[in-house]
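**Student:** input04.pdb is reproduced in full below (PDB, C-alpha atoms).
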MODEL        1
ATOM      1  CA  MET A   1      -2.656 -12.443  19.834
ATOM      2  CA  SER A   2      -6.019 -12.014  18.111
ATOM      3  CA  THR A   3      -6.660  -9.360  15.482
ATOM      4  CA  SER A   4      -9.172  -7.582  17.741
ATOM      5  CA  THR A   5      -6.569  -7.364  20.510
ATOM      6  CA  ARG A   6      -4.040  -5.934  18.024
ATOM      7  CA  LYS A   7      -6.590  -3.354  16.894
ATOM      8  CA  ARG A   8      -7.176  -2.205  20.448
ATOM      9  CA  LEU A   9      -3.473  -2.105  21.303
ATOM     10  CA  PHE A  10      -2.522  -0.103  18.212
ATOM     11  CA  SER A  11      -5.462   2.276  18.610
ATOM     12  CA  ARG A  12      -4.195   3.412  22.002
ATOM     13  CA  TYR A  13      -1.274   5.155  20.317
ATOM     14  CA  ILE A  14      -2.808   6.526  17.136
ATOM     15  CA  GLN A  15      -5.632   8.718  18.371
ATOM     16  CA  ASP A  16      -3.767  11.819  17.171
ATOM     17  CA  LEU A  17      -2.504  10.387  13.895
ATOM     18  CA  PRO A  18      -2.376  13.235  11.351
ATOM     19  CA  ALA A  19      -4.355  12.858   8.145
ATOM     20  CA  GLY A  20      -2.628  11.848   4.923
ATOM     21  CA  GLU A  21      -3.331  12.508   1.260
ATOM     22  CA  LEU A  22      -4.002  10.144  -1.653
ATOM     23  CA  THR A  23      -1.405  10.931  -4.341
ATOM     24  CA  TRP A  24      -1.635   8.045  -6.814
ATOM     25  CA  ILE A  25      -4.183   5.475  -8.021
ATOM     26  CA  GLY A  26      -3.178   2.577 -10.241
ATOM     27  CA  LEU A  27      -5.080  -0.298 -11.837
ATOM     28  CA  ARG A  28      -3.662  -3.517 -13.228
ATOM     29  CA  PRO A  29      -5.951  -4.381 -16.156
ATOM     30  CA  GLU A  30      -4.564  -7.924 -16.236
ATOM     31  CA  ARG A  31      -1.861  -9.995 -14.588
ATOM     32  CA  LYS A  32       1.635  -8.653 -15.385
ATOM     33  CA  ALA A  33       0.177  -5.814 -17.477
ATOM     34  CA  GLU A  34       1.534  -2.297 -17.097
ATOM     35  CA  MET A  35      -0.242  -0.255 -14.438
ATOM     36  CA  LEU A  36      -2.785   2.310 -15.583
ATOM     37  CA  GLU A  37      -2.661   5.578 -13.666
ATOM     38  CA  VAL A  38      -6.126   7.055 -13.059
ATOM     39  CA  ASN A  39      -7.463  10.164 -11.295
ATOM     40  CA  SER A  40     -10.283   8.352  -9.506
ATOM     41  CA  ALA A  41     -11.680   4.853  -9.074
ATOM     42  CA  GLN A  42     -14.793   3.139  -7.813
ATOM     43  CA  VAL A  43     -14.210   0.845  -4.827
ATOM     44  CA  PHE A  44     -16.575  -2.021  -3.994
ATOM     45  CA  VAL A  45     -17.033  -4.060  -0.831
ATOM     46  CA  GLY A  46     -15.691  -7.571  -1.310
ATOM     47  CA  SER A  47     -14.081  -6.822  -4.683
ATOM     48  CA  GLY A  48     -11.688  -3.860  -4.571
ATOM     49  CA  LEU A  49     -11.065  -1.357  -7.356
ATOM     50  CA  GLU A  50     -13.218  -1.546 -10.453
ATOM     51  CA  GLY A  51     -10.953  -2.114 -13.477
ATOM     52  CA  ASP A  52      -8.200  -3.887 -11.520
ATOM     53  CA  HIS A  53      -7.452  -7.478 -12.571
ATOM     54  CA  GLY A  54      -8.092  -8.711  -9.028
ATOM     55  CA  PHE A  55     -11.569  -7.145  -8.963
ATOM     56  CA  GLU A  56     -13.472 -10.392  -9.430
ATOM     57  CA  ASN A  57     -10.785 -12.653  -7.937
ATOM     58  CA  THR A  58     -10.614 -11.169  -4.432
ATOM     59  CA  LEU A  59     -14.173 -11.692  -3.212
ATOM     60  CA  GLY A  60     -14.003 -11.426   0.564
ATOM     61  CA  ALA A  61     -10.195 -11.608   0.634
ATOM     62  CA  GLY A  62      -7.990  -9.399   2.795
ATOM     63  CA  ARG A  63      -6.029  -8.198  -0.242
ATOM     64  CA  GLN A  64      -8.692  -6.450  -2.276
ATOM     65  CA  VAL A  65      -6.636  -3.264  -2.587
ATOM     66  CA  THR A  66      -2.948  -2.571  -1.922
ATOM     67  CA  LEU A  67      -1.618   0.586  -0.267
ATOM     68  CA  LEU A  68       1.842   2.137  -0.238
ATOM     69  CA  SER A  69       3.269   5.475   0.876
ATOM     70  CA  GLU A  70       5.544   7.943  -0.875
ATOM     71  CA  GLU A  71       7.795   7.648   2.158
ATOM     72  CA  TYR A  72       8.158   3.881   1.592
ATOM     73  CA  ILE A  73       8.926   4.495  -2.087
ATOM     74  CA  ALA A  74      11.730   6.874  -1.047
ATOM     75  CA  GLN A  75      13.098   4.227   1.349
ATOM     76  CA  THR A  76      13.066   1.618  -1.408
ATOM     77  CA  GLN A  77      14.933   4.028  -3.715
ATOM     78  CA  HIS A  78      17.468   4.673  -0.944
ATOM     79  CA  PHE A  79      18.089   0.963  -0.311
ATOM     80  CA  LEU A  80      18.396   0.251  -4.039
ATOM     81  CA  SER A  81      20.972   3.022  -4.370
ATOM     82  CA  LEU A  82      22.958   1.616  -1.433
ATOM     83  CA  SER A  83      22.793  -1.844  -2.970
ATOM     84  CA  ARG A  84      24.135  -0.537  -6.289
ATOM     85  CA  SER A  85      27.013   1.351  -4.658
ATOM     86  CA  VAL A  86      28.104  -1.806  -2.803
ATOM     87  CA  ASN A  87      27.671  -4.100  -5.829
ATOM     88  CA  LYS A  88      29.170  -1.931  -8.567
ATOM     89  CA  GLY A  89      29.489  -4.928 -10.860
ATOM     90  CA  HIS A  90      25.716  -4.898 -11.427
ATOM     91  CA  GLN A  91      25.444  -1.498 -13.112
ATOM     92  CA  SER A  92      23.473  -3.093 -15.957
ATOM     93  CA  ASP A  93      20.601  -3.509 -13.490
ATOM     94  CA  ALA A  94      19.141  -0.066 -14.135
ATOM     95  CA  ILE A  95      17.330   1.470 -11.180
ATOM     96  CA  PRO A  96      14.264   3.367 -12.262
ATOM     97  CA  SER A  97      15.146   6.822 -11.013
ATOM     98  CA  PRO A  98      13.132   8.025  -9.365
ATOM     99  CA  ILE A  99      11.023   4.946  -8.675
ATOM    100  CA  GLN A 100       7.462   5.612  -9.798
ATOM    101  CA  PRO A 101       4.437   4.074  -8.037
ATOM    102  CA  LYS A 102       3.672   2.006 -11.147
ATOM    103  CA  HIS A 103       7.005   0.186 -10.712
ATOM    104  CA  LEU A 104       5.894  -1.137  -7.312
ATOM    105  CA  ARG A 105       2.482  -2.370  -8.537
ATOM    106  CA  ARG A 106       0.357  -1.162  -5.642
ATOM    107  CA  ASN A 107      -3.109   0.330  -6.159
ATOM    108  CA  LEU A 108      -3.020   3.373  -3.904
ATOM    109  CA  VAL A 109      -0.207   5.650  -2.738
ATOM    110  CA  ILE A 110      -0.531   8.127   0.115
ATOM    111  CA  LYS A 111       1.775  10.654   1.746
ATOM    112  CA  GLY A 112       2.116  12.367   5.101
ATOM    113  CA  MET A 113       0.901   9.487   7.255
ATOM    114  CA  ASN A 114       2.672   6.643   9.059
ATOM    115  CA  LEU A 115       1.484   3.666   7.035
ATOM    116  CA  ASP A 116       2.191   1.130   9.778
ATOM    117  CA  ALA A 117      -0.100   3.036  12.151
ATOM    118  CA  LEU A 118      -3.016   2.132   9.865
ATOM    119  CA  ARG A 119      -2.481  -1.602  10.325
ATOM    120  CA  TYR A 120      -5.531  -3.290  11.880
ATOM    121  CA  GLN A 121      -7.470  -0.013  11.698
ATOM    122  CA  GLN A 122     -10.381   1.235   9.626
ATOM    123  CA  PHE A 123      -9.819   4.449   7.708
ATOM    124  CA  SER A 124     -11.423   6.427   4.940
ATOM    125  CA  ILE A 125     -10.133   7.657   1.626
ATOM    126  CA  GLY A 126     -12.762   9.678  -0.189
ATOM    127  CA  SER A 127     -16.137   8.044   0.417
ATOM    128  CA  ALA A 128     -14.685   4.522   0.762
ATOM    129  CA  ILE A 129     -13.739   2.854   4.036
ATOM    130  CA  PHE A 130     -10.925   0.302   4.257
ATOM    131  CA  GLU A 131      -9.400  -1.937   6.899
ATOM    132  CA  ALA A 132      -5.667  -2.603   6.745
ATOM    133  CA  GLY A 133      -4.528  -6.099   7.595
ATOM    134  CA  ALA A 134      -1.496  -7.965   6.378
ATOM    135  CA  ILE A 135       1.768  -6.486   5.217
ATOM    136  CA  CYS A 136       2.036  -6.540   1.421
ATOM    137  CA  HIS A 137       5.296  -8.350   0.820
ATOM    138  CA  PRO A 138       7.276  -7.719  -2.386
ATOM    139  CA  CYS A 139       6.878 -10.325  -5.119
ATOM    140  CA  LEU A 140       9.391 -11.720  -7.614
ATOM    141  CA  ARG A 141       8.314  -9.065 -10.134
ATOM    142  CA  MET A 142      10.299  -6.515  -8.099
ATOM    143  CA  GLU A 143      13.552  -8.143  -9.230
ATOM    144  CA  GLU A 144      12.365  -7.758 -12.845
ATOM    145  CA  LEU A 145      11.089  -4.195 -12.479
ATOM    146  CA  LEU A 146      13.677  -2.769 -10.079
ATOM    147  CA  GLY A 147      16.641  -4.998 -10.898
ATOM    148  CA  LYS A 148      18.796  -7.162  -8.691
ATOM    149  CA  GLY A 149      18.149  -6.329  -5.045
ATOM    150  CA  GLY A 150      14.616  -5.040  -5.669
ATOM    151  CA  ILE A 151      12.997  -7.494  -3.263
ATOM    152  CA  ALA A 152      15.569  -6.832  -0.529
ATOM    153  CA  ALA A 153      15.091  -3.059  -0.943
ATOM    154  CA  MET A 154      11.310  -3.385  -0.506
ATOM    155  CA  MET A 155      11.320  -5.751   2.481
ATOM    156  CA  GLY A 156       9.415  -4.052   5.265
ATOM    157  CA  HIS A 157       8.385  -1.287   2.840
ATOM    158  CA  GLY A 158       5.943  -3.130   0.574
ATOM    159  CA  GLY A 159       2.847  -1.508   2.006
ATOM    160  CA  LEU A 160      -0.394  -2.955   3.322
ATOM    161  CA  CYS A 161      -3.194  -5.180   2.068
ATOM    162  CA  LEU A 162      -6.651  -3.654   2.447
ATOM    163  CA  LYS A 163     -10.149  -5.003   2.710
ATOM    164  CA  VAL A 164     -12.985  -2.754   1.545
ATOM    165  CA  ILE A 165     -15.486  -2.114   4.369
ATOM    166  CA  GLN A 166     -17.666   0.453   2.552
ATOM    167  CA  SER A 167     -17.966   1.036  -1.190
ATOM    168  CA  GLY A 168     -17.231   4.509  -2.526
ATOM    169  CA  THR A 169     -15.054   6.615  -4.784
ATOM    170  CA  VAL A 170     -11.393   7.519  -4.276
ATOM    171  CA  THR A 171      -9.926  10.546  -6.051
ATOM    172  CA  LEU A 172      -6.440  12.036  -6.157
ATOM    173  CA  GLY A 173      -6.067  14.579  -3.365
ATOM    174  CA  ASP A 174      -8.570  12.830  -1.068
ATOM    175  CA  THR A 175      -7.810  12.963   2.647
ATOM    176  CA  VAL A 176      -6.826   9.727   4.383
ATOM    177  CA  CYS A 177      -7.979   9.576   8.006
ATOM    178  CA  LEU A 178      -8.918   7.100  10.683
ATOM    179  CA  HIS A 179     -12.579   6.262  10.349
ATOM    180  CA  HIS A 180     -13.424   5.031  13.831
ATOM    181  CA  PRO A 181     -10.359   4.351  15.934
ATOM    182  CA  GLN A 182     -10.883   1.175  17.936
ATOM    183  CA  GLN A 183     -11.324   1.723  21.657
ATOM    184  CA  GLY A 184      -8.130   1.221  23.659
ATOM    185  CA  LEU A 185      -7.611  -1.409  26.307
ATOM    186  CA  PHE A 186      -6.476   1.008  28.980
TER     187      PHE A 186
ENDMDL
END
As a first step, turn the structure in this file into structure tokens.
**Tutor:**
Amino acid sequence: MSTSTRKRLFSRYIQDLPAGELTWIGLRPERKAEMLEVNSAQVFVGSGLEGDHGFENTLGAGRQVTLLSEEYIAQTQHFLSLSRSVNKGHQSDAIPSPIQPKHLRRNLVIKGMNLDALRYQQFSIGSAIFEAGAICHPCLRMEELLGKGGIAAMMGHGGLCLKVIQSGTVTLGDTVCLHHPQQGLF
């Protein structure tokens, strides 16, 4: 199934998707460096977030910015807690409690919106417009940062990879809403 067909199919069901809110912005100044929490960031077409280590390395890529939701963070925390209660012998693997967005190494965190409904759609945050594409799968760093079971806890809850469609500024508290829902097939 082509991406344009997916866009049209998904758009049929998300016309009334409630708006969300941007609650966290993080930049990775260099590979494996600790995340820097900021109140706002400049977003550029083809490059992503100014100040992020991927800024010059993602030209035209579909993973210019990464997006996660507070709801997914809560799910990851829940699955990590379940994992620890089953595997009590691994208590030395400290779970960051509660998990902070910086632990999951995504650029933007939103709340109040079904993240999966944004897949294959264009939406705005502040004055920037993004298009969500691929699922952002957890990397090996999650085992380091979250402990044993970190990757398993994040599977299906790693967020989305975004491509910047229009440059702009994103600021904490900005509304997240569909920009132009694709026209449905039916």
**Student:** Smallest atom-to-atom distance to Gly54 in chain A: which of A:Leu27, A:Met35, A:Leu104, A:Met113, using only C-alpha atoms?
**Tutor:**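 That would be A:Leu27, the residue with the smallest distance to Gly54 in chain A.
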**Student:** Considering all atoms listed in the file, return as a PyMOL selection string whatever protein or nucleic-acid residues lie within 8 Å of Thr169 in chain A, sequence-local ones (same chain, fewer than 5 positions apart) excluded.
**Tutor:** chain A and resi 40-43+126-128
**Student:** I need the output of the PyMOL selection byres ((chain A and resi 139) around 12) for this file as a list in words; which residues are they?
**Tutor:**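 For this structure, the PyMOL selection byres ((chain A and resi 139) around 12) resolves to Lys32, His103, Leu104, Arg105, Arg106, Cys136, His137, Pro138, Leu140, Arg141, Met142, Glu143, Glu144, Leu145, Leu146, Gly149, Gly150, Ile151, Ala152, Ala153, Met154, Met155 and Gly158 of chain A.
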**Student:** Compare A:Glu34, A:Leu68, A:Cys177, A:Gly147 by their minimum atom-to-atom distance to Gln121 in chain A, counting only C-alpha atoms, and give me the closest one.
**Tutor:**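 Ranked by minimum distance to Gln121 in chain A, first place goes to A:Cys177.
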**Student:** Going by the chain IDs and residue numbers used in this file, which residues fall under the PyMOL selection byres ((chain A and resi 117) around 10)? Write them as a list in words.
**Tutor:** Phe10, Ser11, Tyr13, Ile14, Leu17, Met113, Asn114, Leu115, Asp116, Leu118, Arg119, Tyr120, Gln121, Ala132 and Leu178 of chain A
**Student:** Around all of range 20-39 of chain A's listed atoms, make the axis-aligned box with 5 Å on each side and tell me centre and edge lengths in Å to one decimal, as JSON.
**Tutor:**
{"center_x": -2.9, "center_y": 1.3, "center_z": -6.3, "size_x": 19.1, "size_y": 32.5, "size_z": 32.4}
**Student:** Mind listing whatever residues come within 9 Å of the point (-12.0, 6.1, 3.0)? Use only C-alpha atoms, file coordinates, and give them as a list of chain:residue names.
**Tutor:** A:Gln122, A:Phe123, A:Ser124, A:Ile125, A:Gly126, A:Ser127, A:Ala128, A:Ile129, A:Phe130, A:Gln166, A:Ser167, A:Gly168, A:Thr169, A:Val170, A:Asp174, A:Thr175, A:Val176, A:Cys177, A:Leu178, A:His179
**Student:** Once the PyMOL selection byres ((chain A and resi 75) around 12) is applied to the coordinates I shared, what remains selected? I want it as a list of chain:residue names.
**Tutor:** A:Leu68, A:Ser69, A:Glu70, A:Glu71, A:Tyr72, A:Ile73, A:Ala74, A:Thr76, A:Gln77, A:His78, A:Phe79, A:Leu80, A:Ser81, A:Leu82, A:Pro98, A:Ile99, A:Gly150, A:Ala152, A:Ala153, A:Met154, A:Met155, A:Gly156, A:His157, A:Gly158, A:Gly159
**Student:** Would you mind reading off the distance between CA of Asn107 in chain A and CA of Arg28 in chain A, one decimal, in Å?
**Tutor:**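 Separation of CA of Asn107 in chain A and CA of Arg28 in chain A: 8.1 Å.
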**Student:** Any idea what the distance is between CA of Ile135 in chain A and CA of Gln15 in chain A?
**Tutor:** 21.4 Å
**Student:** Please indicate the distance in Å from CA of Asp52 in chain A to CA of Lys102 in chain A, rounded to one decimal place.
**Tutor:**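 Answer for the CA of Asp52 in chain A to CA of Lys102 in chain A separation: 13.3 Å.
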